[in-house]
Amino acid sequence: MPVTKSVKKSLRQSLKKRVFNLRRANRMKLAIKKVQKLISEKEKNKALKELPSAYKAIDKATKRGIIKKNTASRKKSHLTKQINNLSVEKKIDTLRSS
């Protein structure tokens, strides 16, 4: 346990910040999972509509230092790539069925 007054205050501040950071990280994870669920269900239009909210959550997490810049770029890139692959899979499926 902290002894000095300044360290006690620092502990209080870090606990407050931790709550906000966890909340923002959870929102980001939920937004990403929501888009990935739609991708797995092959709902491209719905996934495209949810993509901006996932981007927003990722950007906010980056801005507050919860994740790093390149990690955010990678997450956004992977989501976009997965959505774009849906259209390729559909084309392949239609070619196979005909």
# chains A, B, ... in the order shown; residues from 1 in each chain; ligands from 1
call {"tool": "closest_atom_pairs", "arguments": {"of": "region 3-24 of chain A", "to": "region 63-80 of chain A", "cutoff": "12 Å", "atoms": "only C-alpha atoms", "output": "JSON lines"}}
result
{"residue": "A:Lys17", "atom": "CA", "partner": "A:Arg64", "partner_atom": "CA", "distance": 10.3}
{"residue": "A:Arg18", "atom": "CA", "partner": "A:Ile66", "partner_atom": "CA", "distance": 10.1}
{"residue": "A:Val19", "atom": "CA", "partner": "A:Ile66", "partner_atom": "CA", "distance": 11.9}
{"residue": "A:Phe20", "atom": "CA", "partner": "A:Arg64", "partner_atom": "CA", "distance": 9.7}
{"residue": "A:Asn21", "atom": "CA", "partner": "A:Ile66", "partner_atom": "CA", "distance": 6.6}
{"residue": "A:Leu22", "atom": "CA", "partner": "A:Ile66", "partner_atom": "CA", "distance": 8.6}
{"residue": "A:Arg23", "atom": "CA", "partner": "A:Ile66", "partner_atom": "CA", "distance": 10.5}
{"residue": "A:Arg24", "atom": "CA", "partner": "A:Ile66", "partner_atom": "CA", "distance": 8.1}
call {"tool": "residues_around", "arguments": {"residues": "region 48-53 of chain A", "least_positions_apart": "5", "cutoff": "12 Å", "atoms": "only C-alpha atoms", "output": "PyMOL selection string"}}
result
chain A and resi 27-39+42-43+58-60+75-84+86-87
call {"tool": "write_last_selection", "arguments": {"atoms": "C-alpha atoms", "output": "short mmCIF file (atom, residue, chain, number, x, y, z; two decimals), in the first residue's frame"}}
result
data_model
loop_
_atom_site.label_atom_id
_atom_site.label_comp_id
_atom_site.auth_asym_id
_atom_site.auth_seq_id
_atom_site.Cartn_x
_atom_site.Cartn_y
_atom_site.Cartn_z
CA ARG A 27 -16.46 -1.52 -26.53
CA MET A 28 -13.80 -1.99 -29.18
CA LYS A 29 -13.78 -5.77 -28.75
CA LEU A 30 -17.57 -5.95 -28.87
CA ALA A 31 -17.72 -3.85 -32.04
CA ILE A 32 -15.12 -6.06 -33.72
CA LYS A 33 -16.91 -9.23 -32.63
CA LYS A 34 -20.21 -7.88 -33.94
CA VAL A 35 -18.72 -7.30 -37.39
CA GLN A 36 -16.96 -10.68 -37.37
CA LYS A 37 -20.22 -12.41 -36.44
CA LEU A 38 -21.94 -10.79 -39.40
CA ILE A 39 -19.04 -11.84 -41.62
CA LYS A 42 -22.13 -13.98 -44.67
CA GLU A 43 -24.19 -10.80 -44.12
CA ILE A 58 -10.73 1.18 -32.67
CA ASP A 59 -9.74 4.80 -33.33
CA LYS A 60 -10.90 5.91 -29.90
CA LYS A 75 -7.38 -4.64 -36.93
CA LYS A 76 -9.12 -2.33 -39.41
CA SER A 77 -7.31 -3.90 -42.32
CA HIS A 78 -8.26 -7.43 -41.25
CA LEU A 79 -11.93 -6.51 -40.88
CA THR A 80 -12.02 -4.87 -44.30
CA LYS A 81 -10.20 -7.78 -45.89
CA GLN A 82 -12.65 -10.27 -44.39
CA ILE A 83 -15.62 -8.31 -45.73
CA ASN A 84 -14.05 -8.03 -49.18
CA LEU A 86 -17.13 -12.37 -48.74
CA SER A 87 -17.85 -11.09 -52.23
#
call {"tool": "atom_distance", "arguments": {"atom1": "CA of Lys56 (chain A)", "atom2": "CA of Ala25 (chain A)"}}
result
12.0 Å
call {"tool": "atom_distance", "arguments": {"atom1": "CA of Lys46 (chain A)", "atom2": "CA of Val88 (chain A)"}}
result
16.8 Å
call {"tool": "atom_distance", "arguments": {"atom1": "CA of Ser40 (chain A)", "atom2": "CA of Thr62 (chain A)"}}
result
25.9 Å
call {"tool": "closest_residue", "arguments": {"among": "A:Arg12, A:Ser97, A:Ala57, A:Asn85", "to": "Lys44 (chain A)", "atoms": "only C-alpha atoms"}}
result
A:Asn85
